[in-house]
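Enquirer: I'd like to ask some things about the structure below.
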Amino acid sequence: MENKAIKQVEVFMSNWKAKKFAEMFKNSQITWKEEHKQEHIKTLFKDLKLESFEVLGTKRIGKALIGVATEMKINGETAVSNAMVVFENGKYNAHPNGVPGVNPISVLRYLFVESSPNEEKTIEKAKTAPKKPKK
C-alpha cells in the first residue's frame, strides 16, 4: 500500500508542477472528487508555483489511510507537507484494497521550514521522517 501511496503523491505533485489541474483532479480522493468540481483544484493551486518536491517517507495512519511526508519548494520557499492518500471503493467507503487518491487539502497543510520560528527543530523533524519503503 505504501508504494501505491507514494506513486499517487508523485503523480499528483508532478501534475501540480506542470499546472495540469485536470490530471491533479483525476489523482484526487474519490470522496473529494464527488464533493468538488474539477475547477476547484485550479482555484486552490494556481497561485502556488511548485518548483520541486521530494518524498521523505510514509506513515500508515489507518487501514486505508497513509500519510506521505513531502518536502516541497513552493514560490521559492521550502515547505514540508503530509499528503494523505485515502484508499476507497466509493464515496465515504474507505477500504485497504480500494483506489488510492490524494486528499488535495492535506497537501496544502504545509509548514514553511525557512520561515518557522523553530527552524532547526522543524528541519530536524523533516529529516527524521519515516523513510520511503524500498520498491
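A note on labels: chains of the C-alpha cells are A, B, ... as shown, every chain counts residues from 1, and ligands are counted from 1 in their shown order.
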Just want the 8 Å neighbourhood of Lys19 (chain A), counted on only C-alpha atoms, with same-chain residues fewer than 3 positions away dropped. Output as an NGL selection string.
Expert: :A and (15-16 or 46)
Enquirer: Go through chain A and collect every residue that DSSP, computed from the backbone, puts in strand (DSSP E or B); the answer should be as a short mmCIF file (atom, residue, chain, number, x, y, z; two decimals) with C-alpha atoms, in the first residue's frame.
Expert:
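Output saved as part.cif:
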```cif
data_model
loop_
_atom_site.label_atom_id
_atom_site.label_comp_id
_atom_site.auth_asym_id
_atom_site.auth_seq_id
_atom_site.Cartn_x
_atom_site.Cartn_y
_atom_site.Cartn_z
CA SER A 28 -7.58 13.03 -6.02
CA LEU A 50 5.64 24.08 -7.15
CA GLU A 51 9.29 24.19 -8.17
CA SER A 52 10.42 20.83 -6.79
CA PHE A 53 9.38 18.08 -4.38
CA GLU A 54 10.84 15.03 -2.69
CA VAL A 55 9.05 12.24 -0.82
CA LEU A 56 10.60 11.88 2.64
CA GLY A 57 8.68 8.85 3.87
CA THR A 58 5.32 7.34 4.77
CA LYS A 59 3.26 6.55 7.82
CA ARG A 60 0.24 4.27 7.90
CA ILE A 61 -2.44 6.12 9.82
CA GLY A 62 -5.30 3.67 9.35
CA LEU A 65 -5.04 5.88 5.03
CA ILE A 66 -1.37 6.62 4.51
CA GLY A 67 0.42 9.90 5.14
CA VAL A 68 3.22 10.73 2.71
CA ALA A 69 5.70 13.28 4.07
CA THR A 70 6.94 15.50 1.25
CA GLU A 71 9.42 18.35 1.13
CA MET A 72 8.49 20.96 -1.47
CA LYS A 73 9.80 24.21 -2.84
CA ILE A 74 6.79 26.49 -3.33
CA GLU A 77 10.31 28.72 -0.06
CA THR A 78 10.91 25.26 1.39
CA ALA A 79 7.86 23.58 2.91
CA VAL A 80 7.02 20.19 4.40
CA SER A 81 3.62 18.59 3.85
CA ASN A 82 1.94 15.37 4.91
CA ALA A 83 -0.19 14.41 1.92
CA MET A 84 -2.96 11.99 2.88
CA VAL A 85 -3.67 9.16 0.47
CA VAL A 86 -7.05 7.51 1.06
CA PHE A 87 -7.88 4.11 -0.45
CA GLU A 88 -11.61 4.00 -1.29
CA ASN A 89 -14.11 1.79 -3.10
CA GLY A 90 -16.57 4.67 -3.36
CA ASN A 93 -16.15 3.90 1.63
CA ALA A 94 -12.53 3.59 2.72
CA VAL A 99 -8.46 3.03 -5.29
CA PRO A 100 -5.76 5.35 -3.89
CA GLY A 101 -6.39 9.08 -4.11
CA VAL A 102 -4.70 12.17 -2.71
CA TYR A 110 2.22 22.55 4.88
CA LEU A 111 4.78 24.14 7.10
CA PHE A 112 7.25 26.62 5.65
#
```
Enquirer: What residues in region 57-115 of chain A get the DSSP label alpha helix (DSSP H)? Please answer as a list of chain:residue names.
Expert: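 So the alpha helix (DSSP H) residues in region 57-115 of chain A would be A:Pro104, A:Ile105, A:Ser106, A:Val107, A:Leu108.
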Enquirer: From the list A:Gly98, A:Ile105, A:Lys4, A:Lys49, which residue is nearest Phe25 (chain A) when using only C-alpha atoms?
Expert: A:Ile105
Enquirer: Pick from A:Ala5, A:Met24, A:Asn97, A:Asn103: nearest to Phe45 (chain A), with only C-alpha atoms counted?
Expert: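 Ranking A:Ala5, A:Met24, A:Asn97, A:Asn103 by distance to Phe45 (chain A), first place goes to A:Met24.
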Enquirer: Nearest residue to Phe12 (chain A) out of A:Thr43, A:Gln38, A:Asn75, A:Asn27, using only C-alpha atoms?
Expert: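 Of A:Thr43, A:Gln38, A:Asn75, A:Asn27, the one nearest Phe12 (chain A), counting only C-alpha atoms, is A:Asn27.
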Enquirer: Please compute the CA of Trp32 (chain A)-CA of Leu108 (chain A) distance, one decimal, in Å.
Expert: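 Interatomic distance here is 14.1 Å.
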